[in-house]
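K.L.:
Contents of entry.txt (compact mmCIF, C-alpha atoms) are given next:
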# COMPACT_ATOMS: atom_id res chain seq x y z
CA MET A 1 -16.12 9.09 0.23
CA HIS A 2 -16.63 5.37 -0.39
CA ASN A 3 -19.44 3.79 -2.30
CA GLU A 4 -18.37 0.17 -2.03
CA LYS A 5 -19.93 -2.16 0.51
CA ARG A 6 -18.08 -2.21 3.83
CA SER A 7 -15.69 -5.07 4.37
CA ASN A 8 -14.17 -6.60 7.50
CA CYS A 9 -11.03 -7.70 5.72
CA PRO A 10 -7.92 -6.32 7.48
CA VAL A 11 -6.28 -5.53 4.14
CA PHE A 12 -9.32 -3.50 3.15
CA LYS A 13 -9.22 -1.60 6.45
CA VAL A 14 -5.65 -0.50 5.79
CA LEU A 15 -6.45 0.49 2.22
CA ASP A 16 -9.43 2.42 3.49
CA LEU A 17 -6.97 4.57 5.48
CA ILE A 18 -4.01 4.82 3.11
CA GLY A 19 -5.34 3.28 -0.08
CA ASP A 20 -4.67 6.12 -2.40
CA LYS A 21 -1.15 6.84 -3.45
CA TRP A 22 -1.17 10.41 -2.16
CA SER A 23 -1.74 9.48 1.47
CA LEU A 24 1.23 7.18 1.51
CA LEU A 25 3.41 9.68 -0.36
CA ILE A 26 2.58 12.32 2.26
CA LEU A 27 3.51 9.84 5.00
CA ARG A 28 6.75 9.11 3.13
CA ASP A 29 7.54 12.85 3.09
CA ILE A 30 6.75 13.22 6.79
CA ILE A 31 8.48 10.05 8.01
CA LEU A 32 11.45 9.63 5.66
CA ARG A 33 12.08 13.11 4.29
CA ASP A 34 11.41 15.13 7.43
CA LYS A 35 8.95 17.43 5.67
CA ARG A 36 6.72 19.31 8.07
CA PHE A 37 4.90 22.06 6.14
CA PHE A 38 2.19 22.25 3.49
CA ASN A 39 4.55 24.02 1.09
CA GLU A 40 7.16 21.32 1.49
CA PHE A 41 4.71 18.61 0.44
CA ILE A 42 3.75 20.68 -2.59
CA GLU A 43 7.38 20.71 -3.70
CA SER A 44 7.72 16.93 -3.93
CA ASP A 45 8.46 15.55 -7.39
CA GLU A 46 5.00 14.03 -7.73
CA ARG A 47 3.43 17.52 -7.76
CA ILE A 48 0.35 16.88 -5.68
CA ALA A 49 -2.45 19.39 -6.33
CA THR A 50 -3.16 21.73 -3.41
CA ASN A 51 -6.79 20.65 -3.06
CA ILE A 52 -5.83 16.97 -2.98
CA LEU A 53 -3.07 17.73 -0.48
CA SER A 54 -5.49 19.59 1.82
CA ASN A 55 -7.99 16.78 1.56
CA ARG A 56 -5.45 14.02 2.29
CA LEU A 57 -3.82 15.89 5.18
CA ALA A 58 -7.24 16.31 6.79
CA ALA A 59 -8.02 12.61 6.28
CA LEU A 60 -4.65 11.50 7.65
CA GLU A 61 -5.20 13.70 10.69
CA SER A 62 -8.76 12.52 11.31
CA ASN A 63 -7.60 8.89 10.97
CA GLY A 64 -4.97 9.50 13.65
CA LEU A 65 -1.94 9.04 11.38
CA ILE A 66 -0.54 12.57 11.60
CA ASN A 67 -0.66 15.47 14.03
CA LYS A 68 -1.25 19.08 13.02
CA VAL A 69 -0.18 21.92 15.33
CA ARG A 70 0.14 25.64 14.73
CA ASP A 71 3.74 26.78 14.25
CA THR A 72 4.54 29.03 17.24
CA LYS A 73 7.26 30.79 15.21
CA ASP A 74 4.93 31.56 12.32
CA ARG A 75 1.28 31.56 13.40
CA LYS A 76 0.07 31.49 9.80
CA ARG A 77 1.25 27.95 9.23
CA PHE A 78 0.92 24.47 10.68
CA ILE A 79 3.46 21.80 11.50
CA TYR A 80 2.58 18.25 10.49
CA SER A 81 4.22 15.25 12.13
CA PRO A 82 3.53 11.52 12.30
CA THR A 83 1.68 9.97 15.19
CA LYS A 84 2.91 6.66 16.61
CA LYS A 85 0.19 4.97 14.55
CA GLY A 86 1.40 6.71 11.39
CA LEU A 87 5.05 5.95 12.10
CA ASP A 88 4.12 2.31 12.60
CA LEU A 89 3.33 2.17 8.87
CA LEU A 90 7.08 2.30 8.29
CA PRO A 91 7.31 -1.52 7.86
CA VAL A 92 4.74 -1.25 5.03
CA ILE A 93 6.82 1.43 3.31
CA ILE A 94 10.03 -0.58 3.83
CA ALA A 95 8.39 -3.74 2.40
CA MET A 96 7.39 -1.72 -0.68
CA VAL A 97 10.90 -0.36 -1.17
CA LEU A 98 12.46 -3.82 -0.77
CA TRP A 99 10.09 -5.15 -3.40
CA ILE A 100 11.02 -2.43 -5.88
CA SER A 101 14.71 -2.90 -5.18
CA LYS A 102 14.29 -6.59 -6.03
CA TYR A 103 12.58 -5.95 -9.35
CA ASP A 104 14.41 -2.77 -10.26
CA PRO A 105 17.89 -3.52 -8.86
CA GLU A 106 19.49 -0.62 -10.71
CA ASP A 107 17.34 1.86 -8.82
CA SER A 108 19.85 4.22 -7.25
CA ASN A 109 17.15 5.89 -5.17
CA VAL A 110 16.84 2.99 -2.74
CA PRO A 111 18.96 3.70 0.35
CA GLU A 112 21.69 1.06 0.67
CA LEU A 113 20.85 0.47 4.33
CA ILE A 114 17.30 -0.66 3.47
CA LYS A 115 18.69 -3.38 1.22
CA LYS A 116 21.52 -4.43 3.51
CA ASP A 117 19.71 -4.29 6.84
CA PRO A 118 16.03 -3.28 6.78
CA ALA A 119 15.71 -3.64 10.56
CA ALA A 120 18.61 -1.24 11.13
CA PHE A 121 17.06 1.20 8.65
CA GLU A 122 13.75 1.05 10.49
CA LYS A 123 15.46 1.59 13.84
CA LYS A 124 17.38 4.58 12.47
CA VAL A 125 14.20 6.21 11.15
CA ARG A 126 12.28 5.54 14.37
CA ALA A 127 15.13 7.12 16.36
CA LYS A 128 14.21 10.49 14.79
CA PHE A 129 10.93 10.41 16.71
CA SER A 130 10.30 10.33 20.42
CA PHE A 131 7.71 7.53 20.55
CA MET B 1 -3.66 7.40 -16.57
CA HIS B 2 -1.41 9.65 -14.50
CA ASN B 3 -1.14 13.38 -14.75
CA GLU B 4 1.41 13.94 -12.03
CA LYS B 5 5.04 14.53 -12.83
CA ARG B 6 7.10 11.34 -12.92
CA SER B 7 9.08 10.54 -9.84
CA ASN B 8 12.10 8.33 -9.21
CA CYS B 9 11.12 7.63 -5.63
CA PRO B 10 10.89 3.86 -5.02
CA VAL B 11 7.75 4.30 -2.91
CA PHE B 12 6.12 6.13 -5.81
CA LYS B 13 7.09 3.37 -8.23
CA VAL B 14 5.28 0.80 -6.08
CA LEU B 15 2.22 3.01 -5.72
CA ASP B 16 2.24 3.55 -9.46
CA LEU B 17 1.74 -0.22 -9.82
CA ILE B 18 -0.56 -1.02 -6.90
CA GLY B 19 -1.49 2.42 -5.58
CA ASP B 20 -5.20 2.08 -5.80
CA LYS B 21 -7.01 -0.06 -3.33
CA TRP B 22 -8.60 -2.30 -5.95
CA SER B 23 -5.33 -3.62 -7.33
CA LEU B 24 -4.16 -4.74 -3.92
CA LEU B 25 -7.56 -6.24 -3.07
CA ILE B 26 -7.43 -8.29 -6.29
CA LEU B 27 -3.94 -9.49 -5.37
CA ARG B 28 -5.26 -10.35 -1.89
CA ASP B 29 -8.02 -12.46 -3.49
CA ILE B 30 -5.56 -14.20 -5.81
CA ILE B 31 -2.77 -14.77 -3.27
CA LEU B 32 -4.59 -15.31 0.03
CA ARG B 33 -8.08 -16.43 -0.98
CA ASP B 34 -7.19 -18.62 -3.94
CA LYS B 35 -9.64 -16.85 -6.23
CA ARG B 36 -8.93 -17.46 -9.89
CA PHE B 37 -11.89 -16.26 -11.95
CA PHE B 38 -13.46 -12.91 -12.84
CA ASN B 39 -16.75 -13.91 -11.21
CA GLU B 40 -14.99 -14.82 -7.98
CA PHE B 41 -13.44 -11.36 -7.69
CA ILE B 42 -16.85 -9.80 -8.28
CA GLU B 43 -18.22 -11.73 -5.31
CA SER B 44 -15.79 -10.24 -2.77
CA ASP B 45 -17.35 -8.16 0.00
CA GLU B 46 -15.98 -4.91 -1.40
CA ARG B 47 -18.19 -5.28 -4.50
CA ILE B 48 -15.82 -4.04 -7.16
CA ALA B 49 -17.59 -2.77 -10.29
CA THR B 50 -17.07 -4.95 -13.37
CA ASN B 51 -15.49 -2.16 -15.43
CA ILE B 52 -13.01 -1.33 -12.65
CA LEU B 53 -12.23 -5.02 -12.21
CA SER B 54 -11.55 -5.45 -15.95
CA ASN B 55 -9.37 -2.37 -15.95
CA ARG B 56 -7.34 -3.41 -12.89
CA LEU B 57 -6.89 -7.01 -14.05
CA ALA B 58 -5.50 -5.74 -17.36
CA ALA B 59 -3.16 -3.34 -15.56
CA LEU B 60 -1.95 -6.02 -13.14
CA GLU B 61 -1.28 -8.31 -16.08
CA SER B 62 0.55 -5.69 -18.14
CA ASN B 63 2.65 -4.78 -15.09
CA GLY B 64 3.66 -8.42 -14.73
CA LEU B 65 1.94 -9.03 -11.39
CA ILE B 66 -0.60 -11.63 -12.54
CA ASN B 67 -0.92 -14.17 -15.33
CA LYS B 68 -4.05 -14.70 -17.42
CA VAL B 69 -4.59 -17.98 -19.28
CA ARG B 70 -7.65 -19.43 -20.96
CA ASP B 71 -9.36 -22.13 -18.90
CA THR B 72 -8.98 -25.35 -20.89
CA LYS B 73 -12.06 -26.81 -19.16
CA ASP B 74 -14.25 -23.84 -20.02
CA ARG B 75 -12.92 -21.95 -23.04
CA LYS B 76 -15.18 -18.97 -22.33
CA ARG B 77 -13.28 -17.99 -19.20
CA PHE B 78 -9.79 -17.12 -18.03
CA ILE B 79 -7.77 -18.25 -15.04
CA TYR B 80 -5.85 -15.55 -13.18
CA SER B 81 -2.86 -16.38 -10.99
CA PRO B 82 -0.03 -14.43 -9.39
CA THR B 83 3.38 -14.16 -11.01
CA LYS B 84 6.48 -14.45 -8.82
CA LYS B 85 6.66 -10.65 -8.88
CA GLY B 86 3.05 -10.40 -7.70
CA LEU B 87 3.49 -13.04 -5.01
CA ASP B 88 6.53 -11.13 -3.77
CA LEU B 89 4.16 -8.37 -2.67
CA LEU B 90 3.07 -10.72 0.12
CA PRO B 91 5.39 -9.02 2.68
CA VAL B 92 3.66 -5.70 1.91
CA ILE B 93 0.25 -7.28 2.54
CA ILE B 94 1.50 -8.97 5.73
CA ALA B 95 2.97 -5.68 7.02
CA MET B 96 -0.44 -4.04 6.44
CA VAL B 97 -2.28 -6.78 8.29
CA LEU B 98 0.16 -6.65 11.23
CA TRP B 99 -0.37 -2.91 11.46
CA ILE B 100 -4.15 -3.26 11.56
CA SER B 101 -3.93 -6.06 14.12
CA LYS B 102 -1.87 -3.73 16.34
CA TYR B 103 -4.37 -0.88 16.15
CA ASP B 104 -7.51 -2.97 15.97
CA PRO B 105 -6.57 -5.90 18.24
CA GLU B 106 -10.16 -7.16 18.46
CA ASP B 107 -10.22 -7.79 14.71
CA SER B 108 -11.17 -11.45 14.44
CA ASN B 109 -10.44 -11.46 10.72
CA VAL B 110 -6.69 -11.43 11.17
CA PRO B 111 -5.34 -15.00 10.93
CA GLU B 112 -3.72 -16.00 14.24
CA LEU B 113 -0.61 -17.28 12.46
CA ILE B 114 0.15 -13.82 11.00
CA LYS B 115 0.25 -12.34 14.49
CA LYS B 116 2.13 -15.21 16.10
CA ASP B 117 4.64 -15.92 13.36
CA PRO B 118 4.49 -13.75 10.23
CA ALA B 119 7.43 -15.56 8.62
CA ALA B 120 5.68 -18.93 9.02
CA PHE B 121 2.50 -17.43 7.55
CA GLU B 122 4.43 -16.11 4.56
CA LYS B 123 6.10 -19.49 4.04
CA LYS B 124 2.75 -21.28 4.22
CA VAL B 125 1.20 -18.98 1.61
CA ARG B 126 4.21 -19.22 -0.69
CA ALA B 127 4.05 -23.03 -0.47
CA LYS B 128 0.75 -22.89 -2.40
CA PHE B 129 2.65 -21.68 -5.44
CA SER B 130 5.40 -23.36 -7.40
CA PHE B 131 7.86 -20.47 -7.66
Would you write out, as structure tokens, the structure that this file holds?
P.N.:
Amino acid sequence: MHNEKRSNCPVFKVLDLIGDKWSLLILRDIILRDKRFFNEFIESDERIATNILSNRLAALESNGLINKVRDTKDRKRFIYSPTKKGLDLLPVIIAMVLWISKYDPEDSNVPELIKKDPAAFEKKVRAKFSF
Amino acid sequence: MHNEKRSNCPVFKVLDLIGDKWSLLILRDIILRDKRFFNEFIESDERIATNILSNRLAALESNGLINKVRDTKDRKRFIYSPTKKGLDLLPVIIAMVLWISKYDPEDSNVPELIKKDPAAFEKKVRAKFSF
């Protein structure tokens, strides 16, 4: 998957795990938008292609960022959820949103709570999960 | 450059600017490693290809994240430096490094100060620049 020389830089290690926009958008859907199913990710505005989605979900799972379990109510589909390690990327996502809100202050898509109290926003999101 | 549908999500907007690993690695070199010249970026461990480097430097400049000025001491080359907007991505980089240091605690490449006092680390890095 990678043809560059390996690097020990911590920034590189993160980017090696989530360094394409799709991986982080899937984590956004799972962590912030409570999406759980393949078809829900497909419906996001960014219109990820199904083959890319399959590929990124598998990579996120094998890197320990999301869990995949069969839906007991519908055995044909799987339920995706964040692991603790995946949820712990929330501060990265919040830092990104704060940056955009600084340079695009008219952006009405930034939740007010992130701007007013990022720590409270993080706590509120984490409370949805049982880690 | 992008064939996906446009999105108003703030996370997407950030990833649209820095959502490939090379852009953020170049910013890392400029902000944390004080690299200023094309040849210095080439020398980083990740071995970016020259055409990708040229492409990403141009994109970072046109997105207002870095400045490019001709070196008055050597008119054949350019000096790259972060803009305020680019430097303000430092919290994103720090959040990434803190995440790696949590899940890879033996990583000796994470500066001690980031782990002990991320705010002090950020202040120290910002002090290098005159914004």
K.L.:
Kindly provide the residues of chain A that approach chain B to within 8 Å, each paired with its closest atom pair and their distance in Å to one decimal, based on only C-alpha atoms, listed by chain and increasing number, as CSV.
P.N.:
residue,atom,partner,partner_atom,distance
A:Glu4,CA,B:Glu46,CA,5.6
A:Lys5,CA,B:Glu46,CA,5.2
A:Arg6,CA,B:Glu46,CA,6.2
A:Ser7,CA,B:Asp45,CA,5.6
A:Asn8,CA,B:Asn109,CA,6.9
A:Cys9,CA,B:Asn109,CA,6.3
A:Pro10,CA,B:Val97,CA,5.7
A:Val11,CA,B:Val97,CA,5.9
A:Phe12,CA,B:Leu25,CA,7.0
A:Lys13,CA,B:Ile100,CA,7.4
A:Val14,CA,B:Met96,CA,6.3
A:Leu15,CA,B:Lys21,CA,5.6
A:Asp16,CA,B:Lys21,CA,7.6
A:Gly19,CA,B:Lys21,CA,5.0
A:Asp20,CA,B:Asp20,CA,5.3
A:Lys21,CA,B:Gly19,CA,4.9
A:Leu25,CA,B:Phe12,CA,7.0
A:Arg28,CA,B:Val11,CA,7.8
A:Asp45,CA,B:Ser7,CA,5.6
A:Glu46,CA,B:Lys5,CA,5.1
A:Arg47,CA,B:Glu4,CA,5.9
A:Ile48,CA,B:Glu4,CA,7.1
A:Lys85,CA,B:Tyr103,CA,7.6
A:Asp88,CA,B:Trp99,CA,7.0
A:Leu89,CA,B:Trp99,CA,6.8
A:Pro91,CA,B:Ala95,CA,6.1
A:Val92,CA,B:Ala95,CA,5.2
A:Ile93,CA,B:Val11,CA,6.9
A:Ala95,CA,B:Val92,CA,5.1
A:Met96,CA,B:Val92,CA,6.0
A:Val97,CA,B:Pro10,CA,5.7
A:Trp99,CA,B:Leu89,CA,6.8
A:Ile100,CA,B:Pro10,CA,6.3
A:Ser101,CA,B:Pro10,CA,7.8
A:Tyr103,CA,B:Lys85,CA,7.6
A:Asp107,CA,B:Pro10,CA,7.7
A:Asn109,CA,B:Cys9,CA,6.3
A:Val110,CA,B:Pro10,CA,6.4
K.L.:
Identify which of the residues B:Asn39, B:Thr83, B:Asn51, B:Ser23 lies closest to Leu65 of chain B, counting all atoms listed in the file when measuring atom-to-atom distances.
P.N.:
B:Thr83
K.L.:
Choose the residue, out of A:Asp74, A:Glu106, A:Glu112, A:Glu61, that has the smallest atom-to-atom separation from Leu27 of chain A; count all atoms listed in the file.
P.N.:
A:Glu61
K.L.:
Rounded to one decimal, what separation in Å do you get between atom CA of Lys128 of chain B and atom CA of Ser54 of chain B?
P.N.:
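Separation between atom CA of Lys128 of chain B and atom CA of Ser54 of chain B: 25.3 Å.
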K.L.:
Find the spatial neighbours of Phe37 of chain B, counting only C-alpha atoms, within a cut-off of 9 Å - ignore same-chain residues fewer than 6 positions away - and output them as an MDAnalysis selection string.
P.N.:
chainID B and resid 77:80
K.L.:
Once 6 Å is added on each side, what are the centre and the three edge lengths, in Å to one decimal, of the axis-aligned box enclosing the listed atoms of segment 76-83 of chain B? Present them as AutoDock Vina command-line options.
P.N.:
--center_x -5.9 --center_y -16.6 --center_z -15.9 --size_x 30.6 --size_y 16.8 --size_z 24.9
K.L.:
For atom CA of Ala127 of chain B and atom CA of Ile30 of chain B, quote the distance in Å rounded to one decimal.
P.N.:
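About the pair atom CA of Ala127 of chain B and atom CA of Ile30 of chain B: they are 14.1 Å apart.
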K.L.:
Just the number, please: distance in Å from atom CA of Arg33 of chain A to atom CA of Pro82 of chain A, one decimal.
P.N.:
11.8 Å
K.L.:
Determine the nearest neighbour of Ile66 of chain B from the options B:Lys116, B:Arg126, B:Lys35, B:Lys84, counting all atoms listed in the file.
P.N.:
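For Ile66 of chain B, the nearest of the candidates is B:Lys84.
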